[in-house]
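Below is upload.pdb, holding PDB, C-alpha atoms and all ligand atoms.
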MODEL        1
ATOM      1  CA  MET N  28     -61.133  53.940 -26.242  1.00  0.00           C
ATOM      2  CA  SER N  29     -62.794  52.773 -23.008  1.00  0.00           C
ATOM      3  CA  PRO N  30     -61.255  49.770 -21.178  1.00  0.00           C
ATOM      4  CA  GLY N  31     -64.272  47.643 -22.212  1.00  0.00           C
ATOM      5  CA  ASN N  32     -63.737  48.522 -25.864  1.00  0.00           C
ATOM      6  CA  VAL N  33     -60.034  47.697 -25.624  1.00  0.00           C
ATOM      7  CA  GLU N  34     -60.904  44.234 -24.258  1.00  0.00           C
ATOM      8  CA  GLU N  35     -63.470  43.727 -27.007  1.00  0.00           C
ATOM      9  CA  GLU N  36     -61.076  44.863 -29.772  1.00  0.00           C
ATOM     10  CA  TYR N  37     -58.364  42.666 -28.295  1.00  0.00           C
ATOM     11  CA  ARG N  38     -60.635  39.617 -28.349  1.00  0.00           C
ATOM     12  CA  ARG N  39     -61.433  40.325 -32.004  1.00  0.00           C
ATOM     13  CA  LEU N  40     -57.753  40.625 -32.828  1.00  0.00           C
ATOM     14  CA  VAL N  41     -56.919  37.314 -31.121  1.00  0.00           C
ATOM     15  CA  GLU N  42     -59.691  35.614 -33.071  1.00  0.00           C
ATOM     16  CA  GLU N  43     -58.351  37.007 -36.364  1.00  0.00           C
ATOM     17  CA  ILE N  44     -54.860  35.743 -35.557  1.00  0.00           C
ATOM     18  CA  GLN N  45     -56.275  32.338 -34.668  1.00  0.00           C
ATOM     19  CA  ASN N  46     -57.950  32.118 -38.087  1.00  0.00           C
ATOM     20  CA  CYS N  47     -55.154  33.757 -40.093  1.00  0.00           C
ATOM     21  CA  THR N  48     -54.099  32.368 -43.480  1.00  0.00           C
ATOM     22  CA  LYS N  49     -52.115  35.418 -44.689  1.00  0.00           C
ATOM     23  CA  CYS N  50     -48.833  33.576 -45.194  1.00  0.00           C
ATOM     24  CA  ARG N  51     -47.648  30.003 -45.763  1.00  0.00           C
ATOM     25  CA  LEU N  52     -47.042  29.341 -42.050  1.00  0.00           C
ATOM     26  CA  TYR N  53     -50.707  28.550 -41.386  1.00  0.00           C
ATOM     27  CA  LYS N  54     -50.255  25.322 -43.342  1.00  0.00           C
ATOM     28  CA  THR N  55     -47.705  23.837 -40.972  1.00  0.00           C
ATOM     29  CA  ARG N  56     -48.553  25.435 -37.608  1.00  0.00           C
ATOM     30  CA  ARG N  57     -50.522  23.580 -34.953  1.00  0.00           C
ATOM     31  CA  ASN N  58     -51.658  26.626 -33.015  1.00  0.00           C
ATOM     32  CA  PRO N  59     -51.117  30.309 -33.725  1.00  0.00           C
ATOM     33  CA  VAL N  60     -49.603  32.142 -30.758  1.00  0.00           C
ATOM     34  CA  PRO N  61     -51.176  35.608 -30.511  1.00  0.00           C
ATOM     35  CA  GLY N  62     -49.534  36.592 -27.214  1.00  0.00           C
ATOM     36  CA  GLU N  63     -50.500  36.803 -23.558  1.00  0.00           C
ATOM     37  CA  GLY N  64     -50.559  39.188 -20.637  1.00  0.00           C
ATOM     38  CA  PRO N  65     -52.614  42.109 -19.387  1.00  0.00           C
ATOM     39  CA  VAL N  66     -53.837  44.537 -22.063  1.00  0.00           C
ATOM     40  CA  THR N  67     -53.045  47.240 -19.499  1.00  0.00           C
ATOM     41  CA  ALA N  68     -49.327  46.277 -19.331  1.00  0.00           C
ATOM     42  CA  HIS N  69     -46.777  49.077 -19.652  1.00  0.00           C
ATOM     43  CA  VAL N  70     -44.103  46.669 -20.853  1.00  0.00           C
ATOM     44  CA  MET N  71     -44.324  44.485 -23.970  1.00  0.00           C
ATOM     45  CA  ILE N  72     -41.853  41.755 -24.901  1.00  0.00           C
ATOM     46  CA  VAL N  73     -41.517  41.017 -28.603  1.00  0.00           C
ATOM     47  CA  GLY N  74     -39.675  37.826 -29.593  1.00  0.00           C
ATOM     48  CA  GLU N  75     -39.084  36.132 -32.919  1.00  0.00           C
ATOM     49  CA  ALA N  76     -41.626  33.362 -33.512  1.00  0.00           C
ATOM     50  CA  PRO N  77     -43.170  30.426 -31.653  1.00  0.00           C
ATOM     51  CA  GLY N  78     -41.038  27.296 -31.278  1.00  0.00           C
ATOM     52  CA  ARG N  79     -42.174  23.711 -30.845  1.00  0.00           C
ATOM     53  CA  ASN N  80     -43.562  24.052 -27.308  1.00  0.00           C
ATOM     54  CA  GLU N  81     -45.304  27.339 -28.071  1.00  0.00           C
ATOM     55  CA  ASP N  82     -46.854  25.842 -31.220  1.00  0.00           C
ATOM     56  CA  MET N  83     -48.211  22.924 -29.175  1.00  0.00           C
ATOM     57  CA  GLN N  84     -49.618  25.100 -26.392  1.00  0.00           C
ATOM     58  CA  GLY N  85     -50.609  28.238 -28.300  1.00  0.00           C
ATOM     59  CA  ARG N  86     -48.729  30.344 -25.725  1.00  0.00           C
ATOM     60  CA  PRO N  87     -45.545  32.403 -26.119  1.00  0.00           C
ATOM     61  CA  PHE N  88     -42.225  31.615 -24.443  1.00  0.00           C
ATOM     62  CA  VAL N  89     -43.265  28.462 -22.582  1.00  0.00           C
ATOM     63  CA  GLY N  90     -40.111  26.407 -23.334  1.00  0.00           C
ATOM     64  CA  ALA N  91     -36.552  26.683 -22.012  1.00  0.00           C
ATOM     65  CA  ALA N  92     -36.041  30.158 -23.532  1.00  0.00           C
ATOM     66  CA  GLY N  93     -39.257  31.245 -21.806  1.00  0.00           C
ATOM     67  CA  GLN N  94     -38.004  30.039 -18.428  1.00  0.00           C
ATOM     68  CA  LEU N  95     -34.862  32.084 -18.898  1.00  0.00           C
ATOM     69  CA  LEU N  96     -36.933  35.088 -20.001  1.00  0.00           C
ATOM     70  CA  THR N  97     -38.979  34.873 -16.776  1.00  0.00           C
ATOM     71  CA  ARG N  98     -35.748  35.021 -14.711  1.00  0.00           C
ATOM     72  CA  LEU N  99     -34.373  37.898 -16.781  1.00  0.00           C
ATOM     73  CA  LEU N 100     -37.580  39.888 -16.306  1.00  0.00           C
ATOM     74  CA  GLU N 101     -37.177  39.475 -12.549  1.00  0.00           C
ATOM     75  CA  LEU N 102     -33.721  41.079 -12.792  1.00  0.00           C
ATOM     76  CA  ALA N 103     -35.466  44.157 -14.204  1.00  0.00           C
ATOM     77  CA  GLY N 104     -38.041  44.135 -11.384  1.00  0.00           C
ATOM     78  CA  LEU N 105     -40.813  42.627 -13.515  1.00  0.00           C
ATOM     79  CA  LYS N 106     -42.988  39.576 -13.021  1.00  0.00           C
ATOM     80  CA  ARG N 107     -43.938  37.602 -16.124  1.00  0.00           C
ATOM     81  CA  GLU N 108     -47.658  38.097 -15.362  1.00  0.00           C
ATOM     82  CA  GLU N 109     -47.206  41.887 -15.409  1.00  0.00           C
ATOM     83  CA  VAL N 110     -45.937  42.122 -18.984  1.00  0.00           C
ATOM     84  CA  TYR N 111     -47.517  41.453 -22.359  1.00  0.00           C
ATOM     85  CA  ILE N 112     -45.537  38.835 -24.304  1.00  0.00           C
ATOM     86  CA  THR N 113     -45.757  38.279 -28.052  1.00  0.00           C
ATOM     87  CA  ASN N 114     -43.666  37.640 -31.151  1.00  0.00           C
ATOM     88  CA  ILE N 115     -43.027  39.419 -34.419  1.00  0.00           C
ATOM     89  CA  VAL N 116     -44.394  36.320 -36.215  1.00  0.00           C
ATOM     90  CA  LYS N 117     -47.364  34.551 -34.634  1.00  0.00           C
ATOM     91  CA  CYS N 118     -47.005  31.072 -36.199  1.00  0.00           C
ATOM     92  CA  ARG N 119     -44.139  28.600 -35.925  1.00  0.00           C
ATOM     93  CA  PRO N 120     -41.812  28.427 -38.933  1.00  0.00           C
ATOM     94  CA  PRO N 121     -41.214  24.754 -39.819  1.00  0.00           C
ATOM     95  CA  GLY N 122     -38.260  23.259 -37.982  1.00  0.00           C
ATOM     96  CA  ASN N 123     -37.776  26.599 -36.186  1.00  0.00           C
ATOM     97  CA  ARG N 124     -36.130  28.186 -39.224  1.00  0.00           C
ATOM     98  CA  ASP N 125     -35.807  31.990 -39.269  1.00  0.00           C
ATOM     99  CA  PRO N 126     -38.982  33.789 -40.301  1.00  0.00           C
ATOM    100  CA  GLN N 127     -38.783  35.033 -43.893  1.00  0.00           C
ATOM    101  CA  ASP N 128     -39.233  38.708 -44.720  1.00  0.00           C
ATOM    102  CA  ASP N 129     -42.629  38.206 -46.394  1.00  0.00           C
ATOM    103  CA  GLU N 130     -43.875  36.279 -43.331  1.00  0.00           C
ATOM    104  CA  VAL N 131     -42.745  39.094 -41.041  1.00  0.00           C
ATOM    105  CA  GLU N 132     -44.489  41.677 -43.253  1.00  0.00           C
ATOM    106  CA  ALA N 133     -47.719  39.646 -43.491  1.00  0.00           C
ATOM    107  CA  CYS N 134     -47.849  39.351 -39.704  1.00  0.00           C
ATOM    108  CA  LEU N 135     -46.767  42.896 -38.837  1.00  0.00           C
ATOM    109  CA  PRO N 136     -50.273  44.454 -38.891  1.00  0.00           C
ATOM    110  CA  TYR N 137     -51.195  42.220 -35.930  1.00  0.00           C
ATOM    111  CA  LEU N 138     -48.271  43.505 -33.871  1.00  0.00           C
ATOM    112  CA  LEU N 139     -49.125  47.083 -34.820  1.00  0.00           C
ATOM    113  CA  ARG N 140     -52.699  46.572 -33.627  1.00  0.00           C
ATOM    114  CA  GLN N 141     -51.445  45.014 -30.387  1.00  0.00           C
ATOM    115  CA  ILE N 142     -49.251  48.077 -29.838  1.00  0.00           C
ATOM    116  CA  GLN N 143     -52.129  50.430 -30.659  1.00  0.00           C
ATOM    117  CA  LEU N 144     -54.448  48.699 -28.171  1.00  0.00           C
ATOM    118  CA  ILE N 145     -52.020  48.019 -25.337  1.00  0.00           C
ATOM    119  CA  LYS N 146     -50.012  51.258 -25.728  1.00  0.00           C
ATOM    120  CA  PRO N 147     -46.838  49.951 -24.058  1.00  0.00           C
ATOM    121  CA  ARG N 148     -44.379  52.533 -22.745  1.00  0.00           C
ATOM    122  CA  LEU N 149     -41.511  50.110 -23.239  1.00  0.00           C
ATOM    123  CA  ILE N 150     -41.018  47.331 -25.782  1.00  0.00           C
ATOM    124  CA  ILE N 151     -38.200  44.909 -25.033  1.00  0.00           C
ATOM    125  CA  ALA N 152     -37.167  43.517 -28.420  1.00  0.00           C
ATOM    126  CA  VAL N 153     -35.457  40.169 -27.867  1.00  0.00           C
ATOM    127  CA  GLY N 154     -33.408  38.925 -30.786  1.00  0.00           C
ATOM    128  CA  ARG N 155     -32.429  40.533 -34.066  1.00  0.00           C
ATOM    129  CA  HIS N 156     -35.641  39.857 -35.992  1.00  0.00           C
ATOM    130  CA  ALA N 157     -37.795  41.818 -33.555  1.00  0.00           C
ATOM    131  CA  ALA N 158     -35.116  44.432 -32.881  1.00  0.00           C
ATOM    132  CA  ARG N 159     -34.406  45.190 -36.537  1.00  0.00           C
ATOM    133  CA  ARG N 160     -38.049  45.568 -37.570  1.00  0.00           C
ATOM    134  CA  LEU N 161     -39.114  47.563 -34.500  1.00  0.00           C
ATOM    135  CA  LEU N 162     -36.182  49.955 -34.741  1.00  0.00           C
ATOM    136  CA  GLU N 163     -36.902  50.528 -38.432  1.00  0.00           C
ATOM    137  CA  LEU N 164     -40.557  51.262 -37.639  1.00  0.00           C
ATOM    138  CA  ALA N 165     -39.438  53.822 -35.063  1.00  0.00           C
ATOM    139  CA  GLY N 166     -37.095  55.473 -37.588  1.00  0.00           C
ATOM    140  CA  HIS N 167     -33.768  54.079 -36.341  1.00  0.00           C
ATOM    141  CA  ARG N 168     -31.091  52.175 -38.199  1.00  0.00           C
ATOM    142  CA  TRP N 169     -30.323  48.535 -37.489  1.00  0.00           C
ATOM    143  CA  HIS N 170     -26.648  47.566 -37.504  1.00  0.00           C
ATOM    144  CA  SER N 171     -26.021  44.546 -35.298  1.00  0.00           C
ATOM    145  CA  MET N 172     -26.884  43.008 -31.970  1.00  0.00           C
ATOM    146  CA  THR N 173     -23.244  43.274 -30.879  1.00  0.00           C
ATOM    147  CA  THR N 174     -23.301  47.070 -31.196  1.00  0.00           C
ATOM    148  CA  GLN N 175     -26.937  47.730 -30.233  1.00  0.00           C
ATOM    149  CA  HIS N 176     -27.834  45.386 -27.365  1.00  0.00           C
ATOM    150  CA  GLY N 177     -28.376  47.224 -24.096  1.00  0.00           C
ATOM    151  CA  LYS N 178     -29.366  50.414 -25.913  1.00  0.00           C
ATOM    152  CA  VAL N 179     -32.744  52.079 -25.459  1.00  0.00           C
ATOM    153  CA  TYR N 180     -34.319  54.007 -28.343  1.00  0.00           C
ATOM    154  CA  GLU N 181     -37.337  56.324 -28.483  1.00  0.00           C
ATOM    155  CA  GLY N 182     -39.900  56.612 -31.209  1.00  0.00           C
ATOM    156  CA  VAL N 183     -43.509  56.366 -32.289  1.00  0.00           C
ATOM    157  CA  ILE N 184     -44.993  53.097 -33.552  1.00  0.00           C
ATOM    158  CA  ALA N 185     -48.673  52.777 -34.521  1.00  0.00           C
ATOM    159  CA  GLY N 186     -49.216  56.253 -33.090  1.00  0.00           C
ATOM    160  CA  VAL N 187     -47.825  55.266 -29.684  1.00  0.00           C
ATOM    161  CA  ARG N 188     -44.772  57.052 -28.254  1.00  0.00           C
ATOM    162  CA  LEU N 189     -42.590  54.450 -26.617  1.00  0.00           C
ATOM    163  CA  LYS N 190     -39.101  53.272 -25.786  1.00  0.00           C
ATOM    164  CA  ILE N 191     -37.515  50.213 -27.389  1.00  0.00           C
ATOM    165  CA  ALA N 192     -34.847  48.272 -25.506  1.00  0.00           C
ATOM    166  CA  VAL N 193     -32.753  45.922 -27.613  1.00  0.00           C
ATOM    167  CA  THR N 194     -31.266  42.708 -26.284  1.00  0.00           C
ATOM    168  CA  TYR N 195     -30.256  39.200 -27.297  1.00  0.00           C
ATOM    169  CA  HIS N 196     -32.782  36.418 -27.653  1.00  0.00           C
ATOM    170  CA  PRO N 197     -32.791  34.224 -24.513  1.00  0.00           C
ATOM    171  CA  ALA N 198     -32.550  31.124 -26.762  1.00  0.00           C
ATOM    172  CA  ALA N 199     -29.187  32.413 -28.023  1.00  0.00           C
ATOM    173  CA  ALA N 200     -27.840  32.233 -24.452  1.00  0.00           C
ATOM    174  CA  LEU N 201     -28.917  28.596 -24.231  1.00  0.00           C
ATOM    175  CA  TYR N 202     -26.649  27.790 -27.199  1.00  0.00           C
ATOM    176  CA  LYS N 203     -23.873  30.273 -26.367  1.00  0.00           C
ATOM    177  CA  PRO N 204     -23.563  30.511 -22.566  1.00  0.00           C
ATOM    178  CA  PRO N 205     -21.329  33.665 -22.592  1.00  0.00           C
ATOM    179  CA  LEU N 206     -24.303  35.593 -23.981  1.00  0.00           C
ATOM    180  CA  ARG N 207     -26.175  34.966 -20.766  1.00  0.00           C
ATOM    181  CA  ASN N 208     -23.974  37.495 -18.922  1.00  0.00           C
ATOM    182  CA  LYS N 209     -24.723  40.108 -21.569  1.00  0.00           C
ATOM    183  CA  LEU N 210     -28.456  39.438 -21.328  1.00  0.00           C
ATOM    184  CA  GLU N 211     -28.331  39.652 -17.532  1.00  0.00           C
ATOM    185  CA  GLU N 212     -26.426  42.924 -17.690  1.00  0.00           C
ATOM    186  CA  ASP N 213     -28.948  44.387 -20.149  1.00  0.00           C
ATOM    187  CA  PHE N 214     -31.890  43.444 -17.929  1.00  0.00           C
ATOM    188  CA  LYS N 215     -30.221  44.508 -14.652  1.00  0.00           C
ATOM    189  CA  GLY N 216     -28.905  47.770 -16.094  1.00  0.00           C
ATOM    190  CA  PRO N 217     -30.601  49.748 -18.874  1.00  0.00           C
ATOM    191  CA  ILE N 218     -33.866  47.782 -18.922  1.00  0.00           C
ATOM    192  CA  ALA N 219     -34.319  47.951 -15.119  1.00  0.00           C
ATOM    193  CA  ARG N 220     -33.659  51.702 -15.260  1.00  0.00           C
ATOM    194  CA  VAL N 221     -36.377  52.293 -17.867  1.00  0.00           C
ATOM    195  CA  VAL N 222     -38.820  50.091 -15.933  1.00  0.00           C
ATOM    196  CA  ALA N 223     -38.165  52.138 -12.779  1.00  0.00           C
ATOM    197  CA  GLU N 224     -38.756  55.340 -14.763  1.00  0.00           C
ATOM    198  CA  ILE N 225     -41.984  54.350 -16.546  1.00  0.00           C
ATOM    199  CA  GLY N 226     -43.575  52.155 -13.859  1.00  0.00           C
ATOM    200  CA  LYS N 227     -45.183  48.771 -14.453  1.00  0.00           C
TER     201      LYS N 227
HETATM  202  N1  LIG P 301     -38.768  32.028 -29.094  1.00  0.00           N
HETATM  203  C1  LIG P 301     -39.458  33.115 -29.469  1.00  0.00           C
HETATM  204  O1  LIG P 301     -38.942  34.019 -30.117  1.00  0.00           O
HETATM  205  N2  LIG P 301     -40.725  33.201 -29.118  1.00  0.00           N
HETATM  206  C2  LIG P 301     -41.348  32.270 -28.411  1.00  0.00           C
HETATM  207  O2  LIG P 301     -42.525  32.450 -28.135  1.00  0.00           O
HETATM  208  C3  LIG P 301     -40.596  31.149 -28.016  1.00  0.00           C
HETATM  209  C4  LIG P 301     -39.297  31.038 -28.369  1.00  0.00           C
ENDMDL
END
Could you quickly redo this structure as structure tokens?
Amino acid sequence: MSPGNVEEEYRRLVEEIQNCTKCRLYKTRRNPVPGEGPVTAHVMIVGEAPGRNEDMQGRPFVGAAGQLLTRLLELAGLKREEVYITNIVKCRPPGNRDPQDDEVEACLPYLLRQIQLIKPRLIIAVGRHAARRLLELAGHRWHSMTTQHGKVYEGVIAGVRLKIAVTYHPAAALYKPPLRNKLEEDFKGPIARVVAEIGK
């Protein structure tokens, strides 16, 4: 696909997400949050779902967890503007509850199309919802964040060969400060090494 066609397809995809009614979340959301960043990015961040701030602004990771994510990315040698940021579920679950399995499945085709268009070399899955589903798609087993954070897996998703790095959700470190060290170590260590290998 030529770069112009990728841009055009991407615009179409964003429009579909903005008009989506495929699951119950469209009834309570203010704004869908498709994602943001260059379609040429080599690194994609996949989080859980928009929170209150993201729902108000229609942009991913703009609240406190987003500020922490920006600092963590810097530890891996990445600037926020260089990466593509999205979520496994594009609309805010009411009261920030966990996304339900049927909501994740209804929304998954959008993420698969984003992966197909952007062709990231590395996906950083933050939090168990994104990590579990992405690892399963790539043919790996999900056990737990405690045993799998900091690990990097390889696989093919939506026809794209890529690496998946698993780490905690930055919001978890805001509630449980000891997790912040683990997140920092994951970004400074294994994630930084993959970034250096694949380029930005
Ligand atoms: N948490 C997420 O998982 N995604 C966001 O966009 C914001 C907070």
If we count only C-alpha atoms, what is near stretch 194-204 of chain N at a cut-off of 6 Å, once residues fewer than 5 positions away on the same chain are taken out, given as a list of chain:residue names?
N:Ala92, N:Val153, N:Gly154, N:His176, N:Gly177
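Taking all atoms listed in the file, the non-local environment of N:Gln45 within 9 Å (same-chain residues fewer than 5 positions away omitted) comprises Leu40, Asn58, Pro59, Val60 and Pro61 of chain N.
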Tell me which residues the PyMOL selection byres (((chain N and resi 146) around 10) and not hetatm) grabs here, as a ChimeraX atom specification.
/N:66-71,140-145,147-150,184-189
Which residues form the shell of 6 Å around ligand LIG 301 (chain P) when you count only C-alpha atoms and all ligand atoms, given as a short mmCIF file (atom, residue, chain, number, x, y, z; two decimals) with C-alpha atoms, in the frame of the given file?
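Final file, pocket_37.cif:
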data_model
loop_
_atom_site.label_atom_id
_atom_site.label_comp_id
_atom_site.auth_asym_id
_atom_site.auth_seq_id
_atom_site.Cartn_x
_atom_site.Cartn_y
_atom_site.Cartn_z
CA GLY N 74 -39.67 37.83 -29.59
CA GLU N 75 -39.08 36.13 -32.92
CA ALA N 76 -41.63 33.36 -33.51
CA PRO N 77 -43.17 30.43 -31.65
CA GLY N 78 -41.04 27.30 -31.28
CA GLU N 81 -45.30 27.34 -28.07
CA PRO N 87 -45.54 32.40 -26.12
CA PHE N 88 -42.22 31.62 -24.44
CA ALA N 92 -36.04 30.16 -23.53
CA ASN N 114 -43.67 37.64 -31.15
#
From the set N:Leu210, N:Cys134, N:Ala223, N:Ile218, which residue has the shortest atom-to-atom contact distance to N:Glu43, counting only C-alpha atoms?
N:Cys134
Just the number, please: distance in Å from atom CA of N:Pro65 to atom CA of N:Cys50, one decimal.
27.4 Å
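From atom CA of N:Ala152 back to atom CA of N:Phe214, the distance works out to 11.7 Å.
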Give me the box for stretch 56-67 of chain N as AutoDock Vina command-line options, namely the centre and edge lengths in Å to one decimal of a box along x, y and z that holds every listed atom plus 6 Å on each side.
--center_x -51.2 --center_y 35.4 --center_z -28.5 --size_x 17.3 --size_y 35.7 --size_z 30.2
Set the distance at 9 Å and use all atoms listed in the file: which residues neighbour N:Arg159 once local chain neighbours fewer than 5 positions away are removed? I'd like the list as an MDAnalysis selection string.
chainID N and resid 152 154 164 167:171
When you count all atoms listed in the file, which of these residues is closest to N:Lys227: N:Val89, N:Leu100, N:Met83, N:Leu95?
N:Leu100
Between atom CA of N:Pro217 and atom CA of N:Val179, what is the spacing in Å?
7.3 Å
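Restricting the calculation to only C-alpha atoms, the smallest distance between N:Glu36 and any of N:Val222, N:Glu181, N:Thr48, N:Tyr137 is found for N:Tyr137.
Using all atoms listed in the file, the shortest contact distance between N:Asn80 and any of N:Asn123, N:His156, N:Leu161, N:Arg38 is found at N:Asn123.
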Best match for closeness to N:Tyr53 among N:Pro120, N:Gly85, N:Gly90, N:Pro30, counting only C-alpha atoms
N:Pro120
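Non-sequential neighbours of N:Lys49 (distance at most 12 Å, separation of 4 or more positions within a chain, all atoms listed in the file) are Glu43, Ile44, Gln45, Tyr53, Lys54, Val116, Lys117, Cys118, Asp129, Glu130, Val131, Glu132, Ala133, Cys134, Leu135, Pro136 and Tyr137 of chain N.
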Applying 12 Å and only C-alpha atoms, which residues near N:Arg98 remain after dropping the ones on its own chain fewer than 4 positions away? List them as number ranges by chain.
N: 91-94, 102-107, 197, 207, 210-211, 214-215
Same residues, C-alpha atoms, output as a PDB file, keeping the file's coordinate frame:
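Saved to part.pdb:
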ATOM      1  CA  ALA N  91     -36.552  26.683 -22.012  1.00  0.00           C
ATOM      2  CA  ALA N  92     -36.041  30.158 -23.532  1.00  0.00           C
ATOM      3  CA  GLY N  93     -39.257  31.245 -21.806  1.00  0.00           C
ATOM      4  CA  GLN N  94     -38.004  30.039 -18.428  1.00  0.00           C
ATOM      5  CA  LEU N 102     -33.721  41.079 -12.792  1.00  0.00           C
ATOM      6  CA  ALA N 103     -35.466  44.157 -14.204  1.00  0.00           C
ATOM      7  CA  GLY N 104     -38.041  44.135 -11.384  1.00  0.00           C
ATOM      8  CA  LEU N 105     -40.813  42.627 -13.515  1.00  0.00           C
ATOM      9  CA  LYS N 106     -42.988  39.576 -13.021  1.00  0.00           C
ATOM     10  CA  ARG N 107     -43.938  37.602 -16.124  1.00  0.00           C
ATOM     11  CA  PRO N 197     -32.791  34.224 -24.513  1.00  0.00           C
ATOM     12  CA  ARG N 207     -26.175  34.966 -20.766  1.00  0.00           C
ATOM     13  CA  LEU N 210     -28.456  39.438 -21.328  1.00  0.00           C
ATOM     14  CA  GLU N 211     -28.331  39.652 -17.532  1.00  0.00           C
ATOM     15  CA  PHE N 214     -31.890  43.444 -17.929  1.00  0.00           C
ATOM     16  CA  LYS N 215     -30.221  44.508 -14.652  1.00  0.00           C
TER      17      LYS N 215
END
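Nearest to N:Gln175 of all the residues N:Asp213, N:Glu42, N:Lys190, N:Asn208 is N:Asp213, based on all atoms listed in the file.
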Can you pull stretch 154-170 of chain N out of that block with N, CA and C atoms and hand it back as a PDB file, in the first residue's frame?
ATOM      1  N   GLY N 154      -0.517  -3.328  30.823  1.00  0.00           N
ATOM      2  CA  GLY N 154      -1.659  -3.830  31.581  1.00  0.00           C
ATOM      3  C   GLY N 154      -2.105  -5.191  31.080  1.00  0.00           C
ATOM      4  N   ARG N 155      -2.808  -5.908  31.955  1.00  0.00           N
ATOM      5  CA  ARG N 155      -3.111  -7.321  31.648  1.00  0.00           C
ATOM      6  C   ARG N 155      -4.130  -7.487  30.541  1.00  0.00           C
ATOM      7  N   HIS N 156      -5.053  -6.543  30.385  1.00  0.00           N
ATOM      8  CA  HIS N 156      -6.080  -6.727  29.342  1.00  0.00           C
ATOM      9  C   HIS N 156      -5.436  -6.746  27.955  1.00  0.00           C
ATOM     10  N   ALA N 157      -4.583  -5.761  27.707  1.00  0.00           N
ATOM     11  CA  ALA N 157      -3.900  -5.701  26.408  1.00  0.00           C
ATOM     12  C   ALA N 157      -2.919  -6.866  26.284  1.00  0.00           C
ATOM     13  N   ALA N 158      -2.172  -7.125  27.336  1.00  0.00           N
ATOM     14  CA  ALA N 158      -1.128  -8.159  27.267  1.00  0.00           C
ATOM     15  C   ALA N 158      -1.747  -9.528  26.985  1.00  0.00           C
ATOM     16  N   ARG N 159      -2.792  -9.853  27.726  1.00  0.00           N
ATOM     17  CA  ARG N 159      -3.399 -11.192  27.570  1.00  0.00           C
ATOM     18  C   ARG N 159      -3.897 -11.385  26.142  1.00  0.00           C
ATOM     19  N   ARG N 160      -4.654 -10.420  25.631  1.00  0.00           N
ATOM     20  CA  ARG N 160      -5.277 -10.596  24.314  1.00  0.00           C
ATOM     21  C   ARG N 160      -4.224 -10.602  23.198  1.00  0.00           C
ATOM     22  N   LEU N 161      -3.219  -9.712  23.321  1.00  0.00           N
ATOM     23  CA  LEU N 161      -2.204  -9.650  22.264  1.00  0.00           C
ATOM     24  C   LEU N 161      -1.337 -10.906  22.263  1.00  0.00           C
ATOM     25  N   LEU N 162      -0.985 -11.389  23.446  1.00  0.00           N
ATOM     26  CA  LEU N 162      -0.182 -12.618  23.482  1.00  0.00           C
ATOM     27  C   LEU N 162      -0.965 -13.777  22.894  1.00  0.00           C
ATOM     28  N   GLU N 163      -2.247 -13.879  23.234  1.00  0.00           N
ATOM     29  CA  GLU N 163      -3.065 -14.963  22.673  1.00  0.00           C
ATOM     30  C   GLU N 163      -3.105 -14.879  21.152  1.00  0.00           C
ATOM     31  N   LEU N 164      -3.263 -13.666  20.627  1.00  0.00           N
ATOM     32  CA  LEU N 164      -3.321 -13.493  19.165  1.00  0.00           C
ATOM     33  C   LEU N 164      -2.018 -13.947  18.506  1.00  0.00           C
ATOM     34  N   ALA N 165      -0.912 -13.754  19.237  1.00  0.00           N
ATOM     35  CA  ALA N 165       0.396 -14.120  18.679  1.00  0.00           C
ATOM     36  C   ALA N 165       0.752 -15.570  19.004  1.00  0.00           C
ATOM     37  N   GLY N 166      -0.184 -16.316  19.612  1.00  0.00           N
ATOM     38  CA  GLY N 166       0.031 -17.736  19.857  1.00  0.00           C
ATOM     39  C   GLY N 166       0.795 -18.059  21.134  1.00  0.00           C
ATOM     40  N   HIS N 167       0.784 -17.132  22.100  1.00  0.00           N
ATOM     41  CA  HIS N 167       1.458 -17.381  23.379  1.00  0.00           C
ATOM     42  C   HIS N 167       0.435 -17.509  24.496  1.00  0.00           C
ATOM     43  N   ARG N 168       0.846 -18.140  25.574  1.00  0.00           N
ATOM     44  CA  ARG N 168      -0.055 -18.307  26.710  1.00  0.00           C
ATOM     45  C   ARG N 168       0.069 -17.121  27.651  1.00  0.00           C
ATOM     46  N   TRP N 169      -1.077 -16.740  28.223  1.00  0.00           N
ATOM     47  CA  TRP N 169      -1.065 -15.709  29.275  1.00  0.00           C
ATOM     48  C   TRP N 169      -1.162 -16.386  30.625  1.00  0.00           C
ATOM     49  N   HIS N 170      -0.237 -16.020  31.540  1.00  0.00           N
ATOM     50  CA  HIS N 170      -0.305 -16.554  32.901  1.00  0.00           C
ATOM     51  C   HIS N 170      -0.590 -15.430  33.890  1.00  0.00           C
TER      52      HIS N 170
END
